[in-house]
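Here is the file coords-v2.tsv (TSV, C-alpha atoms and all ligand atoms).
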```
chain	number	residue	atom	x	y	z
C	1	MET	CA	-32.04	-26.72	-231.32
C	2	LYS	CA	-33.33	-24.25	-233.88
C	3	GLY	CA	-30.69	-21.66	-234.71
C	4	GLN	CA	-27.81	-23.65	-233.20
C	5	HIS	CA	-24.67	-24.59	-235.12
C	6	ALA	CA	-23.36	-28.08	-235.71
C	7	LEU	CA	-20.08	-29.39	-237.04
C	8	VAL	CA	-20.44	-32.90	-238.46
C	9	THR	CA	-17.25	-34.73	-239.39
C	10	GLY	CA	-17.46	-37.03	-242.38
C	11	GLY	CA	-20.70	-35.38	-243.43
C	12	SER	CA	-20.29	-35.97	-247.15
C	13	ARG	CA	-21.65	-39.51	-247.28
C	14	GLY	CA	-23.49	-42.28	-245.50
C	15	ILE	CA	-24.48	-41.80	-241.89
C	16	GLY	CA	-22.80	-38.38	-241.65
C	17	LYS	CA	-24.86	-37.09	-244.54
C	18	ALA	CA	-28.07	-38.30	-242.90
C	19	ILE	CA	-27.02	-36.58	-239.66
C	20	CYS	CA	-26.42	-33.28	-241.47
C	21	LEU	CA	-29.84	-33.46	-243.12
C	22	GLU	CA	-31.66	-34.46	-239.94
C	23	LEU	CA	-30.11	-31.58	-237.99
C	24	ALA	CA	-30.85	-29.14	-240.83
C	25	SER	CA	-34.46	-30.32	-240.92
C	26	GLN	CA	-34.66	-29.33	-237.24
C	27	GLY	CA	-33.38	-25.83	-237.96
C	28	VAL	CA	-29.70	-26.33	-237.09
C	29	HIS	CA	-27.04	-24.60	-239.22
C	30	VAL	CA	-24.58	-27.20	-240.41
C	31	ALA	CA	-20.86	-27.31	-241.24
C	32	VAL	CA	-20.25	-30.38	-243.39
C	33	ASN	CA	-16.73	-31.70	-242.96
C	34	TYR	CA	-15.22	-34.04	-245.55
C	35	SER	CA	-11.84	-35.46	-246.33
C	36	GLY	CA	-11.65	-35.74	-250.12
C	37	ASN	CA	-15.17	-35.68	-251.55
C	38	LYS	CA	-15.72	-31.94	-252.01
C	39	GLU	CA	-18.48	-32.40	-254.55
C	40	LYS	CA	-20.53	-34.72	-252.35
C	41	ALA	CA	-20.07	-32.42	-249.38
C	42	GLU	CA	-21.31	-29.48	-251.47
C	43	GLN	CA	-24.38	-31.49	-252.42
C	44	VAL	CA	-25.11	-32.22	-248.77
C	45	ALA	CA	-24.73	-28.51	-247.93
C	46	ASP	CA	-27.07	-27.59	-250.78
C	47	GLU	CA	-29.63	-30.08	-249.52
C	48	CYS	CA	-29.32	-28.67	-245.98
C	49	ARG	CA	-30.02	-25.18	-247.30
C	50	THR	CA	-33.37	-26.34	-248.67
C	51	TYR	CA	-34.46	-26.43	-245.01
C	52	GLY	CA	-33.71	-22.72	-244.75
C	53	VAL	CA	-30.58	-23.06	-242.62
C	54	GLU	CA	-27.03	-21.91	-243.28
C	55	ALA	CA	-24.66	-24.61	-244.45
C	56	MET	CA	-20.96	-24.65	-245.24
C	57	THR	CA	-18.46	-27.29	-246.28
C	58	ILE	CA	-15.04	-27.64	-244.74
C	59	GLN	CA	-12.19	-29.91	-245.73
C	60	ALA	CA	-10.06	-31.38	-242.95
C	61	ASN	CA	-8.37	-34.61	-242.07
C	62	VAL	CA	-9.62	-35.37	-238.56
C	63	ALA	CA	-6.50	-37.41	-237.86
C	64	ASP	CA	-4.38	-34.27	-238.18
C	65	SER	CA	-4.60	-31.91	-235.23
C	66	ALA	CA	-3.43	-28.82	-237.12
C	67	SER	CA	-6.01	-29.49	-239.82
C	68	VAL	CA	-8.73	-29.86	-237.18
C	69	GLN	CA	-7.73	-26.68	-235.37
C	70	SER	CA	-7.94	-24.67	-238.53
C	71	MET	CA	-11.30	-26.28	-239.36
C	72	VAL	CA	-12.76	-25.26	-236.01
C	73	LYS	CA	-11.34	-21.77	-236.40
C	74	THR	CA	-12.89	-21.40	-239.84
C	75	VAL	CA	-16.29	-22.67	-238.70
C	76	MET	CA	-16.22	-20.40	-235.63
C	77	GLY	CA	-15.34	-17.51	-237.92
C	78	GLU	CA	-18.25	-18.24	-240.20
C	79	PHE	CA	-20.90	-19.32	-237.67
C	80	GLY	CA	-19.73	-17.51	-234.51
C	81	ALA	CA	-20.57	-20.58	-232.38
C	82	ILE	CA	-20.48	-24.36	-232.39
C	83	GLU	CA	-23.06	-25.80	-230.03
C	84	ILE	CA	-23.05	-29.31	-231.48
C	85	LEU	CA	-20.14	-31.50	-232.56
C	86	VAL	CA	-20.82	-34.85	-234.18
C	87	ASN	CA	-17.73	-37.02	-234.54
C	88	ASN	CA	-18.78	-39.32	-237.32
C	89	ALA	CA	-15.78	-39.59	-239.67
C	90	GLY	CA	-14.50	-43.13	-239.74
C	91	ILE	CA	-12.70	-45.68	-241.86
C	92	THR	CA	-12.11	-49.43	-241.91
C	93	ARG	CA	-9.05	-51.44	-242.92
C	94	ASP	CA	-10.30	-54.95	-242.22
C	95	THR	CA	-8.05	-57.96	-242.09
C	96	LEU	CA	-7.13	-60.74	-239.69
C	97	ILE	CA	-4.71	-59.68	-237.02
C	98	MET	CA	-1.98	-61.96	-238.40
C	99	ARG	CA	-2.14	-60.04	-241.65
C	100	MET	CA	-2.78	-56.63	-240.21
C	101	LYS	CA	0.04	-54.22	-240.92
C	102	GLU	CA	1.06	-51.62	-238.42
C	103	GLU	CA	-0.04	-48.96	-240.93
C	104	ASP	CA	-3.53	-50.51	-241.04
C	105	PHE	CA	-3.77	-50.32	-237.29
C	106	ASP	CA	-2.42	-46.79	-237.05
C	107	ALA	CA	-4.55	-45.39	-239.86
C	108	VAL	CA	-7.78	-46.62	-238.29
C	109	ILE	CA	-6.86	-45.54	-234.76
C	110	ASP	CA	-5.68	-42.15	-236.01
C	111	THR	CA	-8.89	-41.41	-237.87
C	112	ASN	CA	-11.50	-43.06	-235.68
C	113	LEU	CA	-10.10	-42.49	-232.19
C	114	LYS	CA	-7.52	-39.72	-232.36
C	115	GLY	CA	-9.86	-37.92	-234.76
C	116	VAL	CA	-12.49	-37.76	-232.02
C	117	PHE	CA	-9.89	-36.54	-229.54
C	118	ASN	CA	-8.65	-33.85	-231.94
C	119	CYS	CA	-12.11	-32.52	-232.72
C	120	ALA	CA	-13.39	-32.67	-229.14
C	121	LYS	CA	-10.28	-30.90	-227.93
C	122	ALA	CA	-10.60	-28.17	-230.54
C	123	VAL	CA	-14.24	-27.37	-229.73
C	124	THR	CA	-13.77	-27.49	-225.97
C	125	ARG	CA	-12.51	-23.93	-225.82
C	126	PRO	CA	-15.48	-22.33	-227.58
C	127	MET	CA	-17.90	-24.66	-225.79
C	128	MET	CA	-16.45	-23.85	-222.37
C	129	LYS	CA	-16.78	-20.16	-223.12
C	130	GLN	CA	-20.33	-20.65	-224.31
C	131	ARG	CA	-21.06	-22.73	-221.21
C	132	TYR	CA	-22.93	-24.97	-223.63
C	133	GLY	CA	-22.00	-27.87	-225.81
C	134	ARG	CA	-23.21	-31.22	-227.06
C	135	ILE	CA	-20.70	-33.76	-228.34
C	136	ILE	CA	-21.95	-36.91	-230.00
C	137	ASN	CA	-19.45	-39.57	-231.00
C	138	ILE	CA	-20.22	-42.37	-233.40
C	139	SER	CA	-18.94	-45.68	-232.08
C	140	SER	CA	-20.10	-49.07	-233.36
C	141	VAL	CA	-21.81	-52.24	-232.23
C	142	VAL	CA	-18.53	-54.09	-232.79
C	143	GLY	CA	-16.82	-51.77	-230.30
C	144	VAL	CA	-18.93	-53.53	-227.70
C	145	LEU	CA	-19.14	-57.06	-229.15
C	146	GLY	CA	-15.72	-57.41	-230.79
C	147	ASN	CA	-15.39	-58.74	-234.31
C	148	ALA	CA	-12.97	-61.06	-236.06
C	149	GLY	CA	-11.03	-59.28	-238.79
C	150	GLN	CA	-11.53	-55.82	-237.31
C	151	ALA	CA	-9.07	-55.60	-234.42
C	152	ASN	CA	-8.04	-52.06	-235.37
C	153	TYR	CA	-11.59	-50.82	-235.96
C	154	VAL	CA	-12.98	-52.48	-232.85
C	155	ALA	CA	-10.19	-51.06	-230.70
C	156	SER	CA	-10.88	-47.59	-232.08
C	157	LYS	CA	-14.64	-47.83	-231.52
C	158	ALA	CA	-14.29	-49.23	-227.98
C	159	GLY	CA	-11.85	-46.40	-227.37
C	160	VAL	CA	-14.46	-43.90	-228.49
C	161	ILE	CA	-16.85	-45.15	-225.79
C	162	GLY	CA	-14.19	-44.68	-223.09
C	163	LEU	CA	-13.22	-41.28	-224.44
C	164	THR	CA	-16.87	-40.24	-224.42
C	165	LYS	CA	-17.19	-41.15	-220.73
C	166	SER	CA	-14.09	-39.15	-219.83
C	167	LEU	CA	-15.28	-36.12	-221.79
C	168	ALA	CA	-18.63	-36.40	-220.07
C	169	ARG	CA	-17.09	-36.39	-216.62
C	170	GLU	CA	-14.53	-33.71	-217.37
C	171	LEU	CA	-16.89	-31.22	-218.95
C	172	ALA	CA	-20.20	-31.87	-217.20
C	173	ASN	CA	-20.00	-28.86	-214.90
C	174	ARG	CA	-19.51	-26.58	-217.88
C	175	ASN	CA	-22.83	-27.72	-219.35
C	176	ILE	CA	-21.12	-29.75	-222.03
C	177	ARG	CA	-22.66	-33.17	-222.56
C	178	ALA	CA	-20.92	-36.01	-224.38
C	179	ASN	CA	-22.66	-39.16	-225.54
C	180	ALA	CA	-22.00	-41.89	-228.05
C	181	VAL	CA	-24.15	-43.73	-230.55
C	182	ALA	CA	-23.24	-47.29	-231.49
C	183	PRO	CA	-24.85	-48.18	-234.81
C	184	GLY	CA	-25.24	-51.79	-235.85
C	185	PHE	CA	-25.13	-52.69	-239.50
C	186	ILE	CA	-26.32	-49.73	-241.47
C	187	GLN	CA	-26.77	-49.61	-245.20
C	188	THR	CA	-23.92	-47.39	-246.48
C	189	GLU	CA	-20.88	-47.65	-248.73
C	190	MET	CA	-19.05	-49.10	-245.74
C	191	THR	CA	-21.38	-52.09	-245.55
C	192	ASP	CA	-22.05	-52.30	-249.31
C	193	LYS	CA	-18.47	-53.56	-249.56
C	194	LEU	CA	-19.33	-56.70	-247.55
C	195	PRO	CA	-19.77	-59.96	-249.49
C	196	GLU	CA	-23.36	-61.28	-249.82
C	197	ASP	CA	-22.85	-64.37	-247.67
C	198	THR	CA	-21.38	-62.26	-244.86
C	199	LYS	CA	-24.47	-60.06	-245.04
C	200	GLY	CA	-26.71	-63.11	-244.83
C	201	GLU	CA	-24.91	-64.25	-241.71
C	202	LEU	CA	-25.20	-60.79	-240.24
C	203	LEU	CA	-28.93	-60.59	-240.72
C	204	LYS	CA	-29.34	-63.71	-238.56
C	205	GLN	CA	-27.76	-61.83	-235.64
C	206	ILE	CA	-30.14	-58.90	-235.87
C	207	PRO	CA	-33.33	-59.41	-233.86
C	208	LEU	CA	-35.19	-56.85	-235.95
C	209	GLY	CA	-34.10	-58.80	-239.03
C	210	GLU	CA	-32.83	-56.07	-241.35
C	211	LEU	CA	-30.01	-53.62	-241.85
C	212	GLY	CA	-30.56	-50.15	-240.45
C	213	LYS	CA	-30.82	-46.97	-242.46
C	214	PRO	CA	-28.54	-43.97	-241.98
C	215	GLU	CA	-31.66	-42.01	-240.96
C	216	ASP	CA	-32.23	-44.39	-238.04
C	217	VAL	CA	-28.87	-43.36	-236.62
C	218	ALA	CA	-29.35	-39.69	-237.50
C	219	LYS	CA	-32.58	-39.44	-235.52
C	220	VAL	CA	-30.90	-40.72	-232.36
C	221	VAL	CA	-27.97	-38.36	-232.84
C	222	ALA	CA	-30.41	-35.47	-233.17
C	223	PHE	CA	-32.17	-36.62	-229.99
C	224	LEU	CA	-28.88	-36.60	-228.06
C	225	ALA	CA	-28.08	-33.15	-229.43
C	226	SER	CA	-31.46	-31.81	-228.38
C	227	ASP	CA	-32.64	-30.64	-224.98
C	228	ALA	CA	-34.83	-33.73	-224.80
C	229	ALA	CA	-31.61	-35.45	-223.71
C	230	SER	CA	-30.48	-32.70	-221.35
C	231	TYR	CA	-30.11	-35.10	-218.40
C	232	MET	CA	-27.98	-37.62	-220.31
C	233	THR	CA	-24.22	-37.65	-220.51
C	234	GLY	CA	-21.54	-40.32	-220.90
C	235	GLN	CA	-24.03	-42.76	-222.41
C	236	THR	CA	-23.80	-45.02	-225.42
C	237	LEU	CA	-27.07	-45.56	-227.24
C	238	HIS	CA	-27.29	-48.67	-229.38
C	239	VAL	CA	-29.03	-48.30	-232.72
C	240	ASP	CA	-28.60	-51.81	-234.00
C	241	GLY	CA	-31.92	-53.59	-234.35
C	242	GLY	CA	-31.34	-55.25	-231.00
C	243	MET	CA	-27.92	-56.81	-231.57
C	244	VAL	CA	-26.55	-55.55	-228.26
C	245	MET	CA	-28.78	-55.52	-225.23
C	246	PRO	CA	-26.55	-54.12	-222.52
B	1	MET	CA	-4.78	2.49	-218.02
B	2	ALA	CA	-5.08	-0.22	-215.37
B	3	THR	CA	-1.88	-2.04	-214.44
B	4	ILE	CA	-1.32	-5.63	-215.46
B	5	GLN	CA	-1.80	-6.62	-211.83
B	6	ASP	CA	-5.17	-4.85	-211.69
B	7	ARG	CA	-6.40	-6.34	-214.92
B	8	ILE	CA	-5.45	-9.82	-213.75
B	9	SER	CA	-7.09	-9.29	-210.35
B	10	LYS	CA	-10.30	-8.27	-212.02
B	11	ILE	CA	-10.41	-11.31	-214.28
B	12	VAL	CA	-9.50	-13.71	-211.48
B	13	SER	CA	-12.07	-12.31	-209.10
B	14	GLU	CA	-14.80	-12.39	-211.72
B	15	ARG	CA	-13.95	-15.87	-212.94
B	16	LEU	CA	-13.56	-17.45	-209.52
B	17	GLY	CA	-16.15	-15.38	-207.69
B	18	VAL	CA	-13.71	-14.15	-205.03
B	19	ASP	CA	-13.15	-10.66	-203.71
B	20	GLU	CA	-10.38	-8.70	-205.44
B	21	SER	CA	-8.72	-8.18	-202.06
B	22	GLU	CA	-8.16	-11.95	-201.85
B	23	VAL	CA	-6.29	-12.02	-205.14
B	24	LYS	CA	-2.85	-11.48	-203.60
B	25	ARG	CA	0.47	-12.30	-205.26
B	26	GLU	CA	1.11	-15.32	-203.07
B	27	ALA	CA	-2.45	-16.70	-203.29
B	28	THR	CA	-2.59	-20.13	-204.91
B	29	PHE	CA	-5.43	-20.69	-207.37
B	30	LYS	CA	-6.38	-24.12	-206.15
B	31	ASP	CA	-5.98	-23.92	-202.37
B	32	ASP	CA	-6.52	-20.23	-201.59
B	33	LEU	CA	-8.93	-19.22	-204.34
B	34	GLY	CA	-10.85	-22.49	-204.64
B	35	ALA	CA	-10.26	-23.07	-208.35
B	36	ASP	CA	-10.47	-26.56	-209.83
B	37	SER	CA	-8.20	-27.55	-212.70
B	38	LEU	CA	-10.83	-26.66	-215.30
B	39	ASP	CA	-11.14	-23.19	-213.74
B	40	VAL	CA	-7.40	-22.69	-214.19
B	41	VAL	CA	-7.61	-23.74	-217.84
B	42	GLU	CA	-10.45	-21.29	-218.38
B	43	LEU	CA	-8.57	-18.55	-216.61
B	44	VAL	CA	-5.59	-19.10	-218.88
B	45	MET	CA	-7.89	-18.89	-221.93
B	46	GLU	CA	-9.33	-15.62	-220.70
B	47	LEU	CA	-5.92	-14.15	-219.94
B	48	GLU	CA	-4.76	-15.11	-223.42
B	49	ASP	CA	-7.64	-13.12	-224.87
B	50	GLU	CA	-7.20	-10.16	-222.51
B	51	PHE	CA	-3.47	-9.81	-223.13
B	52	ASP	CA	-3.48	-11.12	-226.69
B	53	LEU	CA	-0.80	-13.72	-226.14
B	54	GLU	CA	-0.56	-17.46	-226.19
B	55	ILE	CA	0.38	-19.36	-223.06
B	56	SER	CA	1.78	-22.78	-223.95
B	57	ASP	CA	0.41	-25.84	-222.18
B	58	GLU	CA	3.78	-26.42	-220.49
B	59	ASP	CA	3.84	-22.90	-219.10
B	60	ALA	CA	0.19	-23.05	-218.11
B	61	GLU	CA	0.86	-26.17	-216.06
B	62	LYS	CA	3.49	-24.31	-214.02
B	63	ILE	CA	1.03	-21.67	-212.91
B	64	GLY	CA	0.32	-22.05	-209.21
B	65	THR	CA	-0.09	-18.59	-207.74
B	66	VAL	CA	-1.40	-15.21	-208.83
B	67	GLY	CA	2.21	-13.99	-208.80
B	68	ASP	CA	3.17	-16.65	-211.36
B	69	VAL	CA	0.60	-15.22	-213.74
B	70	VAL	CA	1.61	-11.61	-213.19
B	71	ASP	CA	5.28	-12.40	-213.74
B	72	TYR	CA	4.55	-14.48	-216.82
B	73	ILE	CA	2.49	-11.79	-218.46
B	74	GLU	CA	4.92	-9.04	-217.60
B	75	ARG	CA	7.72	-11.07	-219.14
B	76	HIS	CA	5.77	-11.87	-222.30
B	77	GLN	CA	4.05	-8.54	-222.98
M	301	LIG	N1	-22.08	-48.24	-241.92
M	301	LIG	C1	-22.19	-48.95	-240.83
M	301	LIG	O1	-22.78	-50.02	-240.84
M	301	LIG	C2	-21.60	-48.46	-239.55
M	301	LIG	C3	-21.81	-49.24	-238.40
M	301	LIG	C4	-21.31	-48.79	-237.20
M	301	LIG	C5	-20.58	-47.61	-237.15
M	301	LIG	N2	-20.38	-46.88	-238.25
M	301	LIG	C6	-19.62	-45.65	-238.13
M	301	LIG	O2	-20.39	-44.57	-238.62
M	301	LIG	C7	-19.53	-43.58	-239.16
M	301	LIG	C8	-19.94	-43.26	-240.58
M	301	LIG	O3	-19.89	-44.45	-241.34
M	301	LIG	P1	-20.41	-44.53	-242.84
M	301	LIG	O4	-20.79	-45.94	-243.05
M	301	LIG	O5	-21.39	-43.47	-243.10
M	301	LIG	O6	-19.03	-44.27	-243.62
M	301	LIG	P2	-18.78	-43.84	-245.15
M	301	LIG	O7	-20.02	-43.94	-245.94
M	301	LIG	O8	-17.58	-44.62	-245.57
M	301	LIG	O9	-18.37	-42.30	-244.99
M	301	LIG	C9	-17.24	-41.94	-244.26
M	301	LIG	C10	-17.22	-40.44	-244.09
M	301	LIG	O10	-16.08	-40.08	-243.30
M	301	LIG	C11	-15.28	-39.15	-243.99
M	301	LIG	N3	-13.88	-39.36	-243.66
M	301	LIG	C12	-13.13	-40.49	-243.78
M	301	LIG	N4	-11.89	-40.28	-243.33
M	301	LIG	C13	-11.84	-38.99	-242.91
M	301	LIG	C14	-10.82	-38.17	-242.35
M	301	LIG	N5	-9.58	-38.64	-242.10
M	301	LIG	N6	-11.11	-36.89	-242.06
M	301	LIG	C15	-12.36	-36.39	-242.29
M	301	LIG	N7	-13.35	-37.12	-242.82
M	301	LIG	C16	-13.09	-38.40	-243.12
M	301	LIG	C17	-15.59	-39.38	-245.45
M	301	LIG	O11	-15.28	-38.20	-246.20
M	301	LIG	P3	-15.04	-38.28	-247.82
M	301	LIG	O12	-16.42	-38.44	-248.41
M	301	LIG	O13	-14.43	-36.95	-248.14
M	301	LIG	O14	-14.16	-39.44	-248.07
M	301	LIG	C18	-17.08	-39.69	-245.39
M	301	LIG	O15	-17.83	-38.51	-245.28
M	301	LIG	C19	-18.13	-44.13	-239.04
M	301	LIG	O16	-17.51	-43.64	-237.86
M	301	LIG	C20	-18.36	-45.62	-238.93
M	301	LIG	O17	-17.30	-46.26	-238.27
M	301	LIG	C21	-20.86	-47.30	-239.46
```
Can the structure from this file be put into structure tokens for me?
Amino acid sequence: MKGQHALVTGGSRGIGKAICLELASQGVHVAVNYSGNKEKAEQVADECRTYGVEAMTIQANVADSASVQSMVKTVMGEFGAIEILVNNAGITRDTLIMRMKEEDFDAVIDTNLKGVFNCAKAVTRPMMKQRYGRIINISSVVGVLGNAGQANYVASKAGVIGLTKSLARELANRNIRANAVAPGFIQTEMTDKLPEDTKGELLKQIPLGELGKPEDVAKVVAFLASDAASYMTGQTLHVDGGMVMP
Amino acid sequence: MATIQDRISKIVSERLGVDESEVKREATFKDDLGADSLDVVELVMELEDEFDLEISDEDAEKIGTVGDVVDYIERHQ
């Protein structure tokens, strides 16, 4: 992968940050997308540069197709190629379905599912021309298992798995691979928000008995991006301490 | 300067791996020239670059034959 170029959405924090750093450590130039946290994104880019690669930050709301198109244009302008796209940006708006407002549903679907569509669509053109591309979409364990209080999020993450399979089939003969990673419970700001007793309950469902680290996910993403996975497409890899055993 | 028709023939024959003599006005991309739908999308992308214009998705979907492309580009040049 050395010398390739990656665009990582939601690269400013959490799992996305770990993905940026893991790719950089393997010699990949990285474009760090963020939505509002410019400063954190800059820090991630700085840290990437310590591995001797080029890094840039780029603001865009993945839910907005015009914003995504201009992001891809800017990154192509700067890097000249995008071999790797990691769709990681995601949000939650948890509440029981009876309380869930239409806006809560739409916001999560727009960012987590339509965001993946927007970004994949925008990179397809350069990737088809390159006859080379690796798309890795971050789903979630709950997209497979379901989860009370997360109807919107679960729908979006299950959608990502289906979208990944379609991308894989549609683009396979152009040497573009698409795979998904479904993390379990990973220690980030997203899970820090959970109440302690919920966390205790969660731990009981994890065979390996602990929360994962962002780096655990990042390593699998890097594997899927690499030529070690060149015969894999349309797959969902579970990085969840054994919660799902498909 | 090559004519629009010639430039299109060249791109189509290179992209689809067919002889330029087969790229006739009435030839359909899918049936006569063996293109799949992704090939047509790629062809449209390449024509956009070659002629420096943008072909909307609606217009691109209407493209069936080589003649459709020639007419479209002549109209929009
Ligand atoms: N943490 C977990 O346990 C877990 C488990 C399974 C799946 N996941 C998935 O893993 C991914 C990353 O999760 P995380 O825990 O690392 O999240 P996080 O710490 O909350 O970070 C979210 C990232 O997404 C960016 N972002 C949010 N909305 C965006 C938008 N509309 N456009 C562009 N960027 C946007 C944020 O940018 P700003 O910094 O600018 O706000 C931030 O970089 C998500 O898709 C999440 O669903 C997480």
Problem set entry | Shell of 9 Å around Val116 of chain C, all atoms listed in the file, local chain residues under 6 positions omitted, as a ChimeraX atom specification | /C:62-63,87-89,137,160,163
Problem set entry | Within 9 Å of chain C: residues of chain B, using only C-alpha atoms, as a ChimeraX atom specification | /B:38,42,45
For this session: Excluding Thr3 of chain B and any residue of its chain fewer than 6 positions from it, enumerate the residues within 12 Å of it, using only C-alpha atoms, and give them as number ranges by chain.
Result: B: 9-10, 51, 70, 73-74
Produce a file of the selected residues containing C-alpha atoms, as a PDB file, in the coordinates of the input.
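Printed below is out.pdb as written:
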```pdb
ATOM      1  CA  SER B   9      -7.090  -9.290-210.350  1.00  0.00           C
ATOM      2  CA  LYS B  10     -10.300  -8.270-212.020  1.00  0.00           C
ATOM      3  CA  PHE B  51      -3.470  -9.810-223.130  1.00  0.00           C
ATOM      4  CA  VAL B  70       1.610 -11.610-213.190  1.00  0.00           C
ATOM      5  CA  ILE B  73       2.490 -11.790-218.460  1.00  0.00           C
ATOM      6  CA  GLU B  74       4.920  -9.040-217.600  1.00  0.00           C
TER       7      GLU B  74
END
```
Problem set entry | Within-6 Å residues of ligand LIG 301 (chain M), basis only C-alpha atoms and all ligand atoms, as a ChimeraX atom specification | /C:9-16,34-37,60-63,88-91,111,138-140,183-191
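In this structure, atom CA of Asn118 of chain C sits 5.6 Å away from atom CA of Ser65 of chain C.
Note that the spacing between atom CA of Phe29 of chain B and atom CA of Lys165 of chain C amounts to 27.1 Å.
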Problem set entry | Counting all atoms listed in the file, the residue of B:Ile4, B:Leu16, B:Val69, B:Ala60 that sits nearest Asp36 of chain B |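 Result for the nearest residue to Asp36 of chain B: B:Leu16.
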For this session: Rounded to one decimal place, report the atom CA of Gln5 of chain B-atom CA of Leu43 of chain B distance in Å.
Result: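 Going from atom CA of Gln5 of chain B over to atom CA of Leu43 of chain B, I get 14.5 Å.
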Exercise. Which one is closest to Ile97 of chain C: C:Asn152, C:Ile84, C:Asp227, C:Val244? Count all atoms listed in the file.
Worked result: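 Between C:Asn152, C:Ile84, C:Asp227, C:Val244, the residue approaching Ile97 of chain C most closely is C:Asn152.
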Exercise. In terms of the shortest atom-to-atom distance over all atoms listed in the file, which of B:Ala35, B:Val12, B:Val18, B:Leu53 is closest to Arg75 of chain B?
Worked result: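 Distance minimum relative to Arg75 of chain B lands on B:Leu53.
Compared by their closest atoms to Glu39 of chain C, and using all atoms listed in the file, the residues C:Val217, C:Ile19, C:Ile58, C:Met98 rank with C:Ile58 nearest.
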Problem set entry | Best match for closeness to Val221 of chain C among C:Lys114, C:Gly209, C:Asp64, C:Val86, counting only C-alpha atoms |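 Residue with the minimum atom-to-atom distance to Val221 of chain C: C:Val86.
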Problem set entry | Among the residues B:Asp71, B:Thr65, B:Glu46, B:His76, the one that comes closest to Val23 of chain B [using all atoms listed in the file] | B:Thr65
